[in-house]
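This report concerns only the one structure given below.
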Amino acid sequence: MADAYIIESVRTAVGRRNGGLAELHPADLGGAVLAALVERADIDPAAVDDVVLGCLDPLGGQAANIARTSWLAAGLPESVPGVTIDRQCGSSQQAVHFAAQAVMSGTQDLVVAGGVQNMSAVPMASSWRTATVPDPFSGSAGWRARYGDTEITQFRGAELIADKWGLDRGTLEQFALESHRLAVAAVDAGRLAGQIVPVAGVTVDEGPRRDTTLEKMAALRPLSPGGRITAAVASQVSDGAAAMLVASEEAVRRHGLRPRARIRAMSVVGDDPVMMLTGPIPATRRVLERCGLGVDDIDLFEVNEAFAPVVLAWLAELRADPDRTNVNGGAIALGHPLGASGVRIMTDLLCELERQGARYGLQTMCEGGGLANATIIERL
């Protein structure tokens, strides 16, 4: 099968809820990274075969196929199509998979993959609340027949993972504190600056908290009575967008492009939808097997920090090196603009591989419904 190459990648800074990006129309937020990607890659935008963007809660400004509206809002050619997808938190990582699969199959040569989410304007699960049948789980007779009336939330899933892997609140909060420390260090060292296109005057990720402490975390109330999951050990509600250009070998030659990485292997799996967030474990095992690599062959890991227990359970099961995992902090510190996070993370992974002169990076994300994607990229 043909290779798929990553040519260029760019993102906005991640804005806090009601922060610097909150007032920006989602199509303009997405359009900013699409325009920047075209400029950085130095390509004729009319040569793009498709634009695949991830976005959850397609309501209001995020409705009507935001991949298409973002491309047009950026002033880019009307001849280029677009499609919006929802694989929950892994939507833009799945967009990269779809782009790579199109290229590998030989049906397309240049595909933009990315995502956009303005969670300040369209709060998470808004689409549920506005529906006539608002509950996507227990409201279904078929679901109840299979899973009973079990509560289905990501917060309960995180608690169940903490229970199963014996993770106490102190361990979770220590992990969260380290995420902030690493993110602040990365910001201060300028390691993230090259990834970011300034939008609405926002040039730096707004999420990392310089003043957070274990004492402050310990004072927070758990999200469920008697639980150990608090806001401190969960990803932040955020706004942002990211985009990546994926190309075939033929497109590289035809357009004189310089690939930065090769997409070596991809996987997507389903797992327990009640515990919900454990999918990165089997997804990682599958993608390593498909690539013929072991954990020790991977130089850098990115495991989305939806909640601290997700990453800690993954580390315990894969026996991966924590010092090679989320080295610039994760979503607990940097934030999680749902539809955009996959490419935001892959952009960071690519840049860090280049900075370190390393070869292989592996990214995985848990997703609503008990799903997970995993991707291995190889720096060129």
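Labels for the structure tokens follow display order: chains A, B, ..., residues from 1 in each chain, ligands from 1.
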* Find the residues near region 70-77 of chain A: any atom within 10 Å, counting only C-alpha atoms, skip ones fewer than 3 places away on the same chain, and give them as a PyMOL selection string. => chain A and resi 25-36+38+44-48+51+53+62+65-67+80-82+116
* Polymer residues at most 6 Å from Pro259 (chain A), only C-alpha atoms, same-chain spacing of 3 or more positions, as a list of chain:residue names -> A:Tyr5, A:Ile6, A:Ile7
* Asked: Within 8 Å of Val197 (chain A), counting only C-alpha atoms, which residues qualify if same-chain residues fewer than 2 places away don't, as JSON, numbers by chain?
  -> {"A": [10, 11, 12, 13, 32, 33, 36, 195, 199, 203]}
Could you save those same residues with N, CA and C atoms as a PDB file, in the first residue's frame?
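To be explicit, this is the file written out as result_37.pdb:
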```pdb
ATOM      1  N   VAL A  10      -0.506  22.739  11.850  1.00  0.00           N
ATOM      2  CA  VAL A  10      -0.584  24.016  12.556  1.00  0.00           C
ATOM      3  C   VAL A  10      -1.813  23.999  13.464  1.00  0.00           C
ATOM      4  N   ARG A  11      -1.781  24.790  14.485  1.00  0.00           N
ATOM      5  CA  ARG A  11      -2.915  24.881  15.403  1.00  0.00           C
ATOM      6  C   ARG A  11      -3.032  26.292  15.956  1.00  0.00           C
ATOM      7  N   THR A  12      -4.193  26.583  16.508  1.00  0.00           N
ATOM      8  CA  THR A  12      -4.315  27.786  17.321  1.00  0.00           C
ATOM      9  C   THR A  12      -3.736  27.487  18.698  1.00  0.00           C
ATOM     10  N   ALA A  13      -3.471  28.523  19.458  1.00  0.00           N
ATOM     11  CA  ALA A  13      -3.311  28.312  20.890  1.00  0.00           C
ATOM     12  C   ALA A  13      -4.649  27.796  21.418  1.00  0.00           C
ATOM     13  N   ALA A  32      -9.051  30.005  10.288  1.00  0.00           N
ATOM     14  CA  ALA A  32      -7.724  30.559  10.578  1.00  0.00           C
ATOM     15  C   ALA A  32      -6.633  29.513  10.411  1.00  0.00           C
ATOM     16  N   VAL A  33      -6.874  28.298  10.903  1.00  0.00           N
ATOM     17  CA  VAL A  33      -5.829  27.278  10.772  1.00  0.00           C
ATOM     18  C   VAL A  33      -5.758  26.736   9.347  1.00  0.00           C
ATOM     19  N   ALA A  36      -3.732  29.244   7.415  1.00  0.00           N
ATOM     20  CA  ALA A  36      -2.333  29.170   7.839  1.00  0.00           C
ATOM     21  C   ALA A  36      -1.662  27.906   7.302  1.00  0.00           C
ATOM     22  N   GLN A 195       4.209  25.922  16.624  1.00  0.00           N
ATOM     23  CA  GLN A 195       3.007  25.206  16.195  1.00  0.00           C
ATOM     24  C   GLN A 195       1.827  26.144  15.983  1.00  0.00           C
ATOM     25  N   VAL A 199      -4.426  33.899  16.625  1.00  0.00           N
ATOM     26  CA  VAL A 199      -5.823  34.137  16.264  1.00  0.00           C
ATOM     27  C   VAL A 199      -6.446  34.999  17.356  1.00  0.00           C
ATOM     28  N   THR A 203      -1.826  34.020  21.416  1.00  0.00           N
ATOM     29  CA  THR A 203      -0.605  33.428  20.878  1.00  0.00           C
ATOM     30  C   THR A 203      -0.027  32.330  21.764  1.00  0.00           C
TER      31      THR A 203
END
```
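Of the residues in region 189-302 of chain A, those given alpha helix (DSSP H) by DSSP on the backbone are Leu214, Glu215, Lys216, Met217, Ala218, Glu249, Glu250, Ala251, Val252, Arg253, Arg254, His255, Pro280, Ile281, Pro282, Ala283, Thr284, Arg285, Arg286, Val287, Leu288, Glu289, Arg290 and Cys291 of chain A.
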Mind dumping the selected residues with C-alpha atoms as an mmCIF file, in the first residue's frame?
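The new file result.cif reads:
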```cif
data_model
loop_
_atom_site.group_PDB
_atom_site.id
_atom_site.type_symbol
_atom_site.label_atom_id
_atom_site.label_comp_id
_atom_site.auth_asym_id
_atom_site.auth_seq_id
_atom_site.Cartn_x
_atom_site.Cartn_y
_atom_site.Cartn_z
ATOM 1 C CA LEU A 214 -1.446 19.926 45.584
ATOM 2 C CA GLU A 215 -3.042 21.838 48.454
ATOM 3 C CA LYS A 216 -5.351 23.725 46.083
ATOM 4 C CA MET A 217 -6.284 20.487 44.320
ATOM 5 C CA ALA A 218 -7.020 18.745 47.603
ATOM 6 C CA GLU A 249 4.156 10.316 -2.848
ATOM 7 C CA GLU A 250 2.842 11.484 -6.212
ATOM 8 C CA ALA A 251 1.625 14.762 -4.679
ATOM 9 C CA VAL A 252 4.995 15.235 -2.977
ATOM 10 C CA ARG A 253 6.736 14.982 -6.348
ATOM 11 C CA ARG A 254 4.185 16.992 -8.313
ATOM 12 C CA HIS A 255 4.030 19.918 -5.875
ATOM 13 C CA PRO A 280 -6.294 3.395 24.411
ATOM 14 C CA ILE A 281 -4.919 0.202 25.952
ATOM 15 C CA PRO A 282 -6.125 -2.236 23.241
ATOM 16 C CA ALA A 283 -5.757 0.435 20.528
ATOM 17 C CA THR A 284 -2.067 0.808 21.401
ATOM 18 C CA ARG A 285 -1.508 -2.928 21.422
ATOM 19 C CA ARG A 286 -3.172 -3.259 18.032
ATOM 20 C CA VAL A 287 -1.278 -0.434 16.346
ATOM 21 C CA LEU A 288 2.052 -1.734 17.646
ATOM 22 C CA GLU A 289 1.230 -5.181 16.309
ATOM 23 C CA ARG A 290 0.236 -3.768 12.920
ATOM 24 C CA CYS A 291 3.509 -1.854 12.737
#
```
* **Among the residues A:Gln236, A:Gly20, A:Leu277, A:Gln154, the one that comes closest to Ala125 (chain A) [using only C-alpha atoms]** => A:Gln154
* To do: Mind checking which residues fall within 6 Å of region 88-105 of chain A, counting only C-alpha atoms, ignoring those fewer than 4 positions away in the same chain, and posting them as a list in words?
  => Met1, Ala2, Asp3, Ala4, Val52, Gly54, Asp109, Val111, Ala113, Gly114, Gly115, Ser248, Leu338, Gly339, Ala340, Gly342, Val343, Met365, Glu367 and Gly368 of chain A
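Look at Gln363 (chain A): the protein and nucleic acid residues within 7 Å of it, using only C-alpha atoms and passing over chain neighbours fewer than 3 places away, are Phe301, Glu302, Val303, Met346, Ala374, Thr375 and Ile376 of chain A.
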Save out the residues we just selected, C-alpha atoms, as a compact mmCIF listing (two decimals), in the first residue's frame.
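New file again-v3.txt:
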```
# COMPACT_ATOMS: atom_id res chain seq x y z
CA PHE A 301 4.01 8.81 23.46
CA GLU A 302 1.00 11.11 23.55
CA VAL A 303 -1.96 9.76 25.53
CA MET A 346 -0.30 15.10 16.76
CA ALA A 374 -4.01 5.06 17.92
CA THR A 375 -1.51 6.29 15.36
CA ILE A 376 2.22 5.72 14.87
```
* Taking the DSSP assignment computed from this structure's backbone, write out as an MDAnalysis selection string all residues of region 38-276 of chain A that belong to strand (DSSP E or B). => chainID A and resid 50:54 82:85 87 89 110:118 196 199 202 234 237:247 261:270
Using only N, CA and C atoms, please write the residues we just selected to a file, as a compact mmCIF listing (two decimals), in the first residue's frame.
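Saved the output as part_5.txt:
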```txt
# COMPACT_ATOMS: atom_id res chain seq x y z
N ASP A 50 -9.81 17.12 -0.53
CA ASP A 50 -10.90 17.12 0.45
C ASP A 50 -10.40 17.74 1.75
N VAL A 51 -11.35 18.21 2.54
CA VAL A 51 -11.08 18.76 3.88
C VAL A 51 -11.94 17.97 4.85
N VAL A 52 -11.29 17.29 5.80
CA VAL A 52 -11.99 16.46 6.78
C VAL A 52 -11.72 17.04 8.16
N LEU A 53 -12.76 17.57 8.80
CA LEU A 53 -12.61 18.18 10.12
C LEU A 53 -13.46 17.45 11.14
N GLY A 54 -12.93 17.30 12.34
CA GLY A 54 -13.70 16.78 13.45
C GLY A 54 -14.38 17.90 14.21
N GLY A 82 -15.68 19.50 1.58
CA GLY A 82 -15.34 19.30 2.99
C GLY A 82 -16.38 18.43 3.66
N VAL A 83 -15.97 17.76 4.72
CA VAL A 83 -16.88 16.91 5.47
C VAL A 83 -16.52 16.97 6.95
N THR A 84 -17.52 16.93 7.80
CA THR A 84 -17.33 16.99 9.24
C THR A 84 -17.65 15.63 9.85
N ILE A 85 -16.80 15.17 10.76
CA ILE A 85 -16.97 13.85 11.36
C ILE A 85 -16.98 13.95 12.89
N ARG A 87 -16.00 11.36 15.89
CA ARG A 87 -15.55 10.18 16.61
C ARG A 87 -15.27 10.62 18.05
N CYS A 89 -14.01 12.44 21.20
CA CYS A 89 -12.78 13.19 21.48
C CYS A 89 -11.67 12.92 20.47
N LEU A 110 -4.02 14.87 -1.96
CA LEU A 110 -3.80 15.93 -0.97
C LEU A 110 -5.08 16.09 -0.15
N VAL A 111 -5.00 15.82 1.13
CA VAL A 111 -6.17 15.91 2.00
C VAL A 111 -5.80 16.70 3.25
N VAL A 112 -6.65 17.63 3.60
CA VAL A 112 -6.50 18.37 4.85
C VAL A 112 -7.32 17.66 5.92
N ALA A 113 -6.69 17.40 7.06
CA ALA A 113 -7.36 16.81 8.21
C ALA A 113 -7.20 17.73 9.39
N GLY A 114 -8.25 17.82 10.22
CA GLY A 114 -8.14 18.69 11.38
C GLY A 114 -9.40 18.68 12.20
N GLY A 115 -9.59 19.74 12.95
CA GLY A 115 -10.77 19.83 13.79
C GLY A 115 -10.92 21.21 14.39
N VAL A 116 -12.12 21.49 14.88
CA VAL A 116 -12.42 22.78 15.47
C VAL A 116 -13.47 22.58 16.55
N GLN A 117 -13.35 23.35 17.62
CA GLN A 117 -14.35 23.29 18.69
C GLN A 117 -14.33 24.59 19.47
N ASN A 118 -15.49 25.22 19.57
CA ASN A 118 -15.64 26.36 20.47
C ASN A 118 -16.59 25.93 21.58
N ILE A 196 1.89 27.31 16.61
CA ILE A 196 0.69 28.13 16.82
C ILE A 196 0.59 29.26 15.82
N VAL A 199 -4.43 33.90 16.62
CA VAL A 199 -5.82 34.14 16.26
C VAL A 199 -6.45 35.00 17.36
N VAL A 202 -4.55 35.80 20.46
CA VAL A 202 -4.14 34.73 21.37
C VAL A 202 -2.96 33.98 20.75
N ALA A 234 -9.09 16.41 35.56
CA ALA A 234 -9.82 16.26 34.30
C ALA A 234 -9.31 17.28 33.29
N VAL A 237 -12.17 22.43 29.75
CA VAL A 237 -13.08 22.90 28.70
C VAL A 237 -12.36 24.01 27.93
N SER A 238 -12.30 23.89 26.61
CA SER A 238 -11.41 24.75 25.84
C SER A 238 -11.97 25.07 24.46
N ASP A 239 -11.34 26.04 23.81
CA ASP A 239 -11.64 26.43 22.44
C ASP A 239 -10.36 26.31 21.62
N GLY A 240 -10.50 25.87 20.36
CA GLY A 240 -9.31 25.79 19.52
C GLY A 240 -9.57 25.09 18.21
N ALA A 241 -8.55 25.11 17.35
CA ALA A 241 -8.62 24.45 16.05
C ALA A 241 -7.22 24.01 15.65
N ALA A 242 -7.16 23.01 14.78
CA ALA A 242 -5.88 22.50 14.30
C ALA A 242 -6.08 21.89 12.92
N ALA A 243 -5.03 21.89 12.11
CA ALA A 243 -5.14 21.33 10.76
C ALA A 243 -3.80 20.77 10.31
N MET A 244 -3.86 19.73 9.47
CA MET A 244 -2.67 19.00 9.01
C MET A 244 -2.87 18.64 7.54
N LEU A 245 -1.81 18.71 6.76
CA LEU A 245 -1.86 18.34 5.35
C LEU A 245 -1.23 16.97 5.16
N VAL A 246 -2.00 16.04 4.58
CA VAL A 246 -1.54 14.68 4.31
C VAL A 246 -1.45 14.51 2.80
N ALA A 247 -0.33 13.93 2.33
CA ALA A 247 -0.09 13.86 0.90
C ALA A 247 0.43 12.49 0.48
N ALA A 261 6.90 13.73 8.10
CA ALA A 261 6.73 12.43 8.75
C ALA A 261 5.92 11.52 7.84
N ARG A 262 6.01 10.23 8.13
CA ARG A 262 5.20 9.21 7.46
C ARG A 262 4.24 8.62 8.48
N ILE A 263 3.00 8.39 8.07
CA ILE A 263 2.05 7.70 8.94
C ILE A 263 2.29 6.21 8.77
N ARG A 264 2.81 5.58 9.82
CA ARG A 264 3.24 4.19 9.71
C ARG A 264 2.13 3.19 9.98
N ALA A 265 1.25 3.47 10.93
CA ALA A 265 0.19 2.52 11.26
C ALA A 265 -0.93 3.24 11.99
N MET A 266 -2.14 2.68 11.86
CA MET A 266 -3.33 3.27 12.48
C MET A 266 -4.20 2.16 13.03
N SER A 267 -4.90 2.45 14.10
CA SER A 267 -5.90 1.52 14.61
C SER A 267 -7.05 2.29 15.23
N VAL A 268 -8.21 1.64 15.26
CA VAL A 268 -9.34 2.16 16.02
C VAL A 268 -10.06 0.95 16.59
N VAL A 269 -10.44 1.02 17.86
CA VAL A 269 -11.05 -0.12 18.54
C VAL A 269 -12.27 0.32 19.33
N GLY A 270 -13.11 -0.66 19.64
CA GLY A 270 -14.19 -0.47 20.59
C GLY A 270 -13.86 -1.22 21.87
```
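The coordinates place CA of Gly329 (chain A) at 4.8 Å from CA of Leu182 (chain A).
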* Asked: Counting only C-alpha atoms, what is within 8 Å of Thr230 (chain A), bar same-chain residues fewer than 3 positions away, as a PyMOL selection string?
  -> chain A and resi 220-223+233-234
* Who sits within 8 Å of Ala333 (chain A), only C-alpha atoms, same chain under 5 positions skipped, as a ChimeraX atom specification -> /A:176,179-180,183,207-209,235-236
